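Novice: My structure is stored as work_21.cif, with mmCIF, N, CA and C atoms.
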```cif
data_input
loop_
_atom_site.group_PDB
_atom_site.id
_atom_site.type_symbol
_atom_site.label_atom_id
_atom_site.label_comp_id
_atom_site.auth_asym_id
_atom_site.auth_seq_id
_atom_site.Cartn_x
_atom_site.Cartn_y
_atom_site.Cartn_z
ATOM 1 N N MET W 1 37.667 26.577 41.921
ATOM 2 C CA MET W 1 37.882 27.844 41.236
ATOM 3 C C MET W 1 36.809 27.970 40.163
ATOM 4 N N ASP W 2 36.124 29.087 40.172
ATOM 5 C CA ASP W 2 35.098 29.314 39.166
ATOM 6 C C ASP W 2 35.703 30.037 37.953
ATOM 7 N N ASN W 3 34.883 30.214 36.943
ATOM 8 C CA ASN W 3 35.336 30.794 35.673
ATOM 9 C C ASN W 3 35.895 32.206 35.858
ATOM 10 N N ARG W 4 35.227 33.018 36.644
ATOM 11 C CA ARG W 4 35.663 34.409 36.845
ATOM 12 C C ARG W 4 37.039 34.468 37.503
ATOM 13 N N LYS W 5 37.243 33.647 38.526
ATOM 14 C CA LYS W 5 38.540 33.641 39.214
ATOM 15 C C LYS W 5 39.645 33.108 38.308
ATOM 16 N N LEU W 6 39.336 32.096 37.511
ATOM 17 C CA LEU W 6 40.315 31.561 36.561
ATOM 18 C C LEU W 6 40.737 32.630 35.565
ATOM 19 N N ILE W 7 39.788 33.339 34.999
ATOM 20 C CA ILE W 7 40.086 34.391 34.024
ATOM 21 C C ILE W 7 40.898 35.510 34.672
ATOM 22 N N ASP W 8 40.545 35.898 35.890
ATOM 23 C CA ASP W 8 41.305 36.942 36.595
ATOM 24 C C ASP W 8 42.744 36.507 36.856
ATOM 25 N N THR W 9 42.933 35.256 37.256
ATOM 26 C CA THR W 9 44.271 34.743 37.538
ATOM 27 C C THR W 9 45.132 34.715 36.278
ATOM 28 N N ILE W 10 44.557 34.255 35.170
ATOM 29 C CA ILE W 10 45.306 34.218 33.898
ATOM 30 C C ILE W 10 45.615 35.633 33.439
ATOM 31 N N ALA W 11 44.666 36.540 33.560
ATOM 32 C CA ALA W 11 44.875 37.928 33.139
ATOM 33 C C ALA W 11 46.015 38.566 33.929
ATOM 34 N N GLN W 12 46.084 38.325 35.231
ATOM 35 C CA GLN W 12 47.164 38.867 36.040
ATOM 36 C C GLN W 12 48.500 38.249 35.652
ATOM 37 N N SER W 13 48.509 36.941 35.411
ATOM 38 C CA SER W 13 49.752 36.244 35.071
ATOM 39 C C SER W 13 50.323 36.718 33.745
ATOM 40 N N LEU W 14 49.456 36.991 32.779
ATOM 41 C CA LEU W 14 49.904 37.383 31.438
ATOM 42 C C LEU W 14 49.921 38.890 31.231
ATOM 43 N N ASP W 15 49.491 39.633 32.248
ATOM 44 C CA ASP W 15 49.395 41.094 32.164
ATOM 45 C C ASP W 15 48.542 41.518 30.962
ATOM 46 N N LYS W 16 47.389 40.858 30.842
ATOM 47 C CA LYS W 16 46.418 41.154 29.782
ATOM 48 C C LYS W 16 45.112 41.588 30.436
ATOM 49 N N SER W 17 44.221 42.162 29.629
ATOM 50 C CA SER W 17 42.932 42.567 30.177
ATOM 51 C C SER W 17 42.034 41.346 30.381
ATOM 52 N N ARG W 18 41.119 41.498 31.311
ATOM 53 C CA ARG W 18 40.170 40.421 31.611
ATOM 54 C C ARG W 18 39.327 40.088 30.386
ATOM 55 N N GLU W 19 38.966 41.097 29.592
ATOM 56 C CA GLU W 19 38.140 40.890 28.407
ATOM 57 C C GLU W 19 38.880 40.050 27.359
ATOM 58 N N GLU W 20 40.180 40.310 27.177
ATOM 59 C CA GLU W 20 40.966 39.528 26.210
ATOM 60 C C GLU W 20 41.020 38.063 26.615
ATOM 61 N N ILE W 21 41.283 37.822 27.888
ATOM 62 C CA ILE W 21 41.380 36.446 28.371
ATOM 63 C C ILE W 21 40.024 35.760 28.301
ATOM 64 N N SER W 22 38.961 36.472 28.610
ATOM 65 C CA SER W 22 37.623 35.904 28.527
ATOM 66 C C SER W 22 37.289 35.501 27.095
ATOM 67 N N GLU W 23 37.659 36.351 26.146
ATOM 68 C CA GLU W 23 37.424 36.033 24.734
ATOM 69 C C GLU W 23 38.241 34.817 24.307
ATOM 70 N N MET W 24 39.495 34.734 24.758
ATOM 71 C CA MET W 24 40.339 33.575 24.428
ATOM 72 C C MET W 24 39.766 32.293 25.016
ATOM 73 N N ALA W 25 39.258 32.366 26.249
ATOM 74 C CA ALA W 25 38.664 31.195 26.889
ATOM 75 C C ALA W 25 37.419 30.736 26.139
ATOM 76 N N ASP W 26 36.600 31.676 25.691
ATOM 77 C CA ASP W 26 35.405 31.332 24.917
ATOM 78 C C ASP W 26 35.773 30.656 23.600
ATOM 79 N N ILE W 27 36.806 31.186 22.940
ATOM 80 C CA ILE W 27 37.261 30.601 21.673
ATOM 81 C C ILE W 27 37.794 29.196 21.908
ATOM 82 N N LEU W 28 38.598 29.018 22.967
ATOM 83 C CA LEU W 28 39.147 27.695 23.282
ATOM 84 C C LEU W 28 38.029 26.696 23.535
ATOM 85 N N CYS W 29 37.043 27.096 24.314
ATOM 86 C CA CYS W 29 35.919 26.194 24.610
ATOM 87 C C CYS W 29 35.132 25.828 23.359
ATOM 88 N N SER W 30 34.915 26.804 22.465
ATOM 89 C CA SER W 30 34.163 26.496 21.247
ATOM 90 C C SER W 30 34.960 25.571 20.324
ATOM 91 N N ILE W 31 36.281 25.735 20.277
ATOM 92 C CA ILE W 31 37.122 24.847 19.454
ATOM 93 C C ILE W 31 37.076 23.426 20.013
ATOM 94 N N ILE W 32 37.196 23.297 21.329
ATOM 95 C CA ILE W 32 37.140 21.972 21.952
ATOM 96 C C ILE W 32 35.774 21.335 21.717
ATOM 97 N N CYS W 33 34.703 22.093 21.905
ATOM 98 C CA CYS W 33 33.342 21.559 21.704
ATOM 99 C C CYS W 33 33.115 21.126 20.263
ATOM 100 N N ASP W 34 33.562 21.940 19.299
ATOM 101 C CA ASP W 34 33.389 21.588 17.887
ATOM 102 C C ASP W 34 34.165 20.324 17.536
ATOM 103 N N SER W 35 35.379 20.196 18.054
ATOM 104 C CA SER W 35 36.189 19.015 17.770
ATOM 105 C C SER W 35 35.566 17.761 18.363
ATOM 106 N N ILE W 36 35.088 17.862 19.591
ATOM 107 C CA ILE W 36 34.456 16.710 20.231
ATOM 108 C C ILE W 36 33.171 16.338 19.508
ATOM 109 N N LYS W 37 32.416 17.357 19.073
ATOM 110 C CA LYS W 37 31.175 17.104 18.340
ATOM 111 C C LYS W 37 31.447 16.348 17.040
ATOM 112 N N ASP W 38 32.605 16.638 16.407
ATOM 113 C CA ASP W 38 32.985 15.969 15.168
ATOM 114 C C ASP W 38 33.561 14.575 15.414
ATOM 115 N N GLY W 39 33.721 14.189 16.687
ATOM 116 C CA GLY W 39 34.223 12.858 17.002
ATOM 117 C C GLY W 39 35.726 12.802 17.198
ATOM 118 N N ASP W 40 36.407 13.949 17.181
ATOM 119 C CA ASP W 40 37.850 13.982 17.377
ATOM 120 C C ASP W 40 38.175 14.087 18.862
ATOM 121 N N ALA W 41 39.283 13.476 19.267
ATOM 122 C CA ALA W 41 39.768 13.626 20.633
ATOM 123 C C ALA W 41 40.597 14.904 20.702
ATOM 124 N N VAL W 42 40.530 15.594 21.823
ATOM 125 C CA VAL W 42 41.292 16.826 22.017
ATOM 126 C C VAL W 42 42.256 16.596 23.172
ATOM 127 N N ALA W 43 43.558 16.637 22.870
ATOM 128 C CA ALA W 43 44.589 16.434 23.890
ATOM 129 C C ALA W 43 45.209 17.773 24.250
ATOM 130 N N ILE W 44 45.214 18.082 25.534
ATOM 131 C CA ILE W 44 45.858 19.288 26.037
ATOM 132 C C ILE W 44 47.085 18.822 26.814
ATOM 133 N N PRO W 45 48.279 19.174 26.329
ATOM 134 C CA PRO W 45 49.506 18.680 26.965
ATOM 135 C C PRO W 45 49.550 19.004 28.460
ATOM 136 N N SER W 46 49.989 18.047 29.235
ATOM 137 C CA SER W 46 50.137 18.091 30.690
ATOM 138 C C SER W 46 48.818 18.285 31.437
ATOM 139 N N VAL W 47 47.681 18.224 30.740
ATOM 140 C CA VAL W 47 46.373 18.306 31.398
ATOM 141 C C VAL W 47 45.608 17.005 31.171
ATOM 142 N N GLY W 48 45.321 16.669 29.917
ATOM 143 C CA GLY W 48 44.598 15.441 29.638
ATOM 144 C C GLY W 48 43.933 15.460 28.280
ATOM 145 N N THR W 49 43.069 14.481 28.055
ATOM 146 C CA THR W 49 42.417 14.301 26.769
ATOM 147 C C THR W 49 40.900 14.230 26.943
ATOM 148 N N PHE W 50 40.199 14.991 26.107
ATOM 149 C CA PHE W 50 38.746 14.926 26.027
ATOM 150 C C PHE W 50 38.409 14.072 24.812
ATOM 151 N N GLU W 51 37.507 13.116 24.982
ATOM 152 C CA GLU W 51 37.107 12.269 23.860
ATOM 153 C C GLU W 51 35.668 11.811 24.041
ATOM 154 N N THR W 52 35.062 11.398 22.929
ATOM 155 C CA THR W 52 33.694 10.882 23.001
ATOM 156 C C THR W 52 33.736 9.367 23.135
ATOM 157 N N LYS W 53 32.789 8.846 23.888
ATOM 158 C CA LYS W 53 32.662 7.401 24.033
ATOM 159 C C LYS W 53 31.199 7.045 23.848
ATOM 160 N N LEU W 54 30.971 5.909 23.248
ATOM 161 C CA LEU W 54 29.611 5.419 23.045
ATOM 162 C C LEU W 54 29.203 4.599 24.261
ATOM 163 N N ARG W 55 28.163 5.057 24.950
ATOM 164 C CA ARG W 55 27.629 4.311 26.083
ATOM 165 C C ARG W 55 26.655 3.275 25.535
ATOM 166 N N ALA W 56 26.826 2.056 25.952
ATOM 167 C CA ALA W 56 26.043 0.945 25.425
ATOM 168 C C ALA W 56 24.573 1.034 25.852
ATOM 169 N N GLU W 57 23.741 0.373 25.059
ATOM 170 C CA GLU W 57 22.329 0.248 25.391
ATOM 171 C C GLU W 57 22.208 -0.574 26.679
ATOM 172 N N ARG W 58 21.266 -0.195 27.540
ATOM 173 C CA ARG W 58 21.133 -0.923 28.803
ATOM 174 C C ARG W 58 19.681 -0.915 29.265
ATOM 175 N N ILE W 59 19.413 -1.769 30.229
ATOM 176 C CA ILE W 59 18.085 -1.828 30.825
ATOM 177 C C ILE W 59 18.172 -1.185 32.202
ATOM 178 N N ALA W 60 17.294 -0.224 32.466
ATOM 179 C CA ALA W 60 17.246 0.472 33.748
ATOM 180 C C ALA W 60 15.894 0.215 34.395
ATOM 181 N N VAL W 61 15.855 0.387 35.692
ATOM 182 C CA VAL W 61 14.615 0.194 36.442
ATOM 183 C C VAL W 61 14.169 1.540 37.002
ATOM 184 N N HIS W 62 12.901 1.918 36.716
ATOM 185 C CA HIS W 62 12.350 3.162 37.248
ATOM 186 C C HIS W 62 12.191 2.996 38.758
ATOM 187 N N PRO W 63 12.755 3.918 39.552
ATOM 188 C CA PRO W 63 12.764 3.719 41.007
ATOM 189 C C PRO W 63 11.389 3.684 41.685
ATOM 190 N N SER W 64 10.442 4.465 41.217
ATOM 191 C CA SER W 64 9.150 4.495 41.918
ATOM 192 C C SER W 64 8.191 3.408 41.445
ATOM 193 N N SER W 65 8.216 3.086 40.156
ATOM 194 C CA SER W 65 7.259 2.097 39.658
ATOM 195 C C SER W 65 7.854 0.700 39.535
ATOM 196 N N GLY W 66 9.186 0.604 39.520
ATOM 197 C CA GLY W 66 9.827 -0.697 39.358
ATOM 198 C C GLY W 66 9.781 -1.209 37.932
ATOM 199 N N LYS W 67 9.290 -0.379 37.008
ATOM 200 C CA LYS W 67 9.166 -0.754 35.613
ATOM 201 C C LYS W 67 10.536 -0.759 34.940
ATOM 202 N N LYS W 68 10.774 -1.758 34.093
ATOM 203 C CA LYS W 68 12.039 -1.831 33.362
ATOM 204 C C LYS W 68 11.945 -1.013 32.080
ATOM 205 N N LEU W 69 12.992 -0.219 31.825
ATOM 206 C CA LEU W 69 13.043 0.630 30.645
ATOM 207 C C LEU W 69 14.305 0.343 29.852
ATOM 208 N N LEU W 70 14.199 0.454 28.543
ATOM 209 C CA LEU W 70 15.361 0.289 27.680
ATOM 210 C C LEU W 70 15.959 1.665 27.417
ATOM 211 N N VAL W 71 17.204 1.849 27.860
ATOM 212 C CA VAL W 71 17.897 3.122 27.651
ATOM 213 C C VAL W 71 18.742 2.970 26.382
ATOM 214 N N PRO W 72 18.506 3.808 25.362
ATOM 215 C CA PRO W 72 19.233 3.666 24.100
ATOM 216 C C PRO W 72 20.711 4.054 24.243
ATOM 217 N N PRO W 73 21.535 3.596 23.301
ATOM 218 C CA PRO W 73 22.948 3.989 23.348
ATOM 219 C C PRO W 73 23.088 5.490 23.082
ATOM 220 N N LYS W 74 24.129 6.098 23.669
ATOM 221 C CA LYS W 74 24.338 7.523 23.423
ATOM 222 C C LYS W 74 25.823 7.858 23.553
ATOM 223 N N LEU W 75 26.196 8.967 22.944
ATOM 224 C CA LEU W 75 27.564 9.448 23.044
ATOM 225 C C LEU W 75 27.711 10.304 24.292
ATOM 226 N N SER W 76 28.832 10.139 24.984
ATOM 227 C CA SER W 76 29.121 10.975 26.134
ATOM 228 C C SER W 76 30.572 11.450 26.035
ATOM 229 N N VAL W 77 30.884 12.530 26.742
ATOM 230 C CA VAL W 77 32.235 13.077 26.734
ATOM 231 C C VAL W 77 32.993 12.510 27.925
ATOM 232 N N ASN W 78 34.202 12.065 27.663
ATOM 233 C CA ASN W 78 35.038 11.484 28.693
ATOM 234 C C ASN W 78 36.332 12.287 28.789
ATOM 235 N N PHE W 79 36.830 12.516 30.004
ATOM 236 C CA PHE W 79 38.104 13.196 30.217
ATOM 237 C C PHE W 79 39.066 12.221 30.860
ATOM 238 N N LYS W 80 40.240 12.086 30.255
ATOM 239 C CA LYS W 80 41.276 11.220 30.800
ATOM 240 C C LYS W 80 42.458 12.101 31.178
ATOM 241 N N PRO W 81 42.757 12.244 32.477
ATOM 242 C CA PRO W 81 43.868 13.098 32.884
ATOM 243 C C PRO W 81 45.201 12.513 32.444
ATOM 244 N N SER W 82 46.167 13.401 32.166
ATOM 245 C CA SER W 82 47.485 12.954 31.734
ATOM 246 C C SER W 82 48.259 12.411 32.928
ATOM 247 N N ALA W 83 49.308 11.663 32.642
ATOM 248 C CA ALA W 83 50.145 11.113 33.701
ATOM 249 C C ALA W 83 50.801 12.228 34.505
ATOM 250 N N LEU W 84 51.192 13.321 33.836
ATOM 251 C CA LEU W 84 51.811 14.448 34.527
ATOM 252 C C LEU W 84 50.837 15.104 35.506
ATOM 253 N N LEU W 85 49.586 15.271 35.104
ATOM 254 C CA LEU W 85 48.577 15.846 35.994
ATOM 255 C C LEU W 85 48.344 14.940 37.198
ATOM 256 N N LYS W 86 48.251 13.640 36.961
ATOM 257 C CA LYS W 86 48.067 12.689 38.062
ATOM 258 C C LYS W 86 49.229 12.767 39.032
ATOM 259 N N GLN W 87 50.438 12.882 38.492
ATOM 260 C CA GLN W 87 51.633 12.958 39.317
ATOM 261 C C GLN W 87 51.649 14.244 40.155
ATOM 262 N N LYS W 88 51.247 15.376 39.560
ATOM 263 C CA LYS W 88 51.222 16.649 40.291
ATOM 264 C C LYS W 88 50.188 16.638 41.401
ATOM 265 N N ILE W 89 49.077 15.952 41.197
ATOM 266 C CA ILE W 89 48.011 15.891 42.205
ATOM 267 C C ILE W 89 48.453 15.053 43.404
ATOM 268 N N ARG W 90 49.204 14.007 43.133
ATOM 269 C CA ARG W 90 49.672 13.146 44.223
ATOM 270 C C ARG W 90 50.723 13.873 44.956
#
```
Take the structure in this file and express it as structure tokens.

Specialist:
Amino acid sequence: MDNRKLIDTIAQSLDKSREEISEMADILCSIICDSIKDGDAVAIPSVGTFETKLRAERIAVHPSSGKKLLVPPKLSVNFKPSALLKQKIR
């Protein structure tokens, strides 16, 4: 499901305009992004948790030259699905 179909489905379910739902989705995404950027975990009940994790420094090999490179540590976003979501998928 793409963004447009998701917004249309929510708009029909709530009997709201597509523009209102689109604005709400944009606000939700910016709140989640700002919280994650600040290092906070964001838990959405019955869906899961978004959190940042520090990926360790590692040595990688360039595929064409075979040269070893040092990849610095970096923050990445991780999503952990809730137990309820896992149960619904099964």

Novice: Figure out the distance between CA of Glu51 in chain W and CA of Asp34 in chain W, please, to one decimal in Å.

Specialist: 11.7 Å

Novice: What does the distance between CA of Leu6 in chain W and CA of Met24 in chain W come to in Å, to one decimal place?

Specialist: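 Going from CA of Leu6 in chain W over to CA of Met24 in chain W, I get 12.3 Å.
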
Novice: Name all residues at most 8 Å from Ile59 in chain W (count only N, CA and C atoms; drop same-chain ones fewer than 6 positions away) and give them as a PyMOL selection string.

Specialist: chain W and resi 68-72

Novice: Between W:Lys16, W:Glu23, W:Ser46, W:Arg4, which is the closest to Pro81 in chain W once you count only N, CA and C atoms?

Specialist: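 Once distances to Pro81 in chain W are computed over only N, CA and C atoms, the minimum belongs to W:Ser46.
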
Novice: Could you state the separation of CA of Glu57 in chain W and CA of Gly39 in chain W in Å, given to one decimal place?

Specialist: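 That distance, rounded to one decimal, is 19.3 Å.
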
Novice: Applied to this file, what does the PyMOL selection byres ((chain W and resi 54) around 8) return in terms of residues, put as a PyMOL selection string?

Specialist: chain W and resi 51-53+55-57+73-77

Novice: So, with only C-alpha atoms as the atoms that count, which of W:Ile44, W:Leu14, W:Asp2, W:Lys86 lies closest to Leu28 in chain W?

Specialist: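 Among the listed residues, the smallest separation from Leu28 in chain W belongs to W:Ile44.
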
Novice: Looking only at strand (DSSP E) from DSSP on the backbone, list the matching residues of chain W as a PyMOL selection string.

Specialist: chain W and resi 42-44+48-55+58-61+68-71+74-81

Novice: Can you list, as a VMD selection string, all residues belonging to chain W that DSSP tags as helix (DSSP H, G or I)?

Specialist: chain W and resid 3 to 14 18 to 37 83 to 89

Novice: Using only C-alpha atoms, which protein or nucleic acid residues come within 10 Å of Gly48 in chain W? Drop anything in the same chain fewer than 5 positions from it, and give the result as number ranges by chain.

Specialist: W: 42-43, 79-86

Novice: With all atoms listed in the file as the counted atoms, please give the residues lying no more than 8 Å from Ser17 in chain W, apart from itself and same-chain residues fewer than 6 positions off, as number ranges by chain.

Specialist: W: 7-8, 10-11, 23
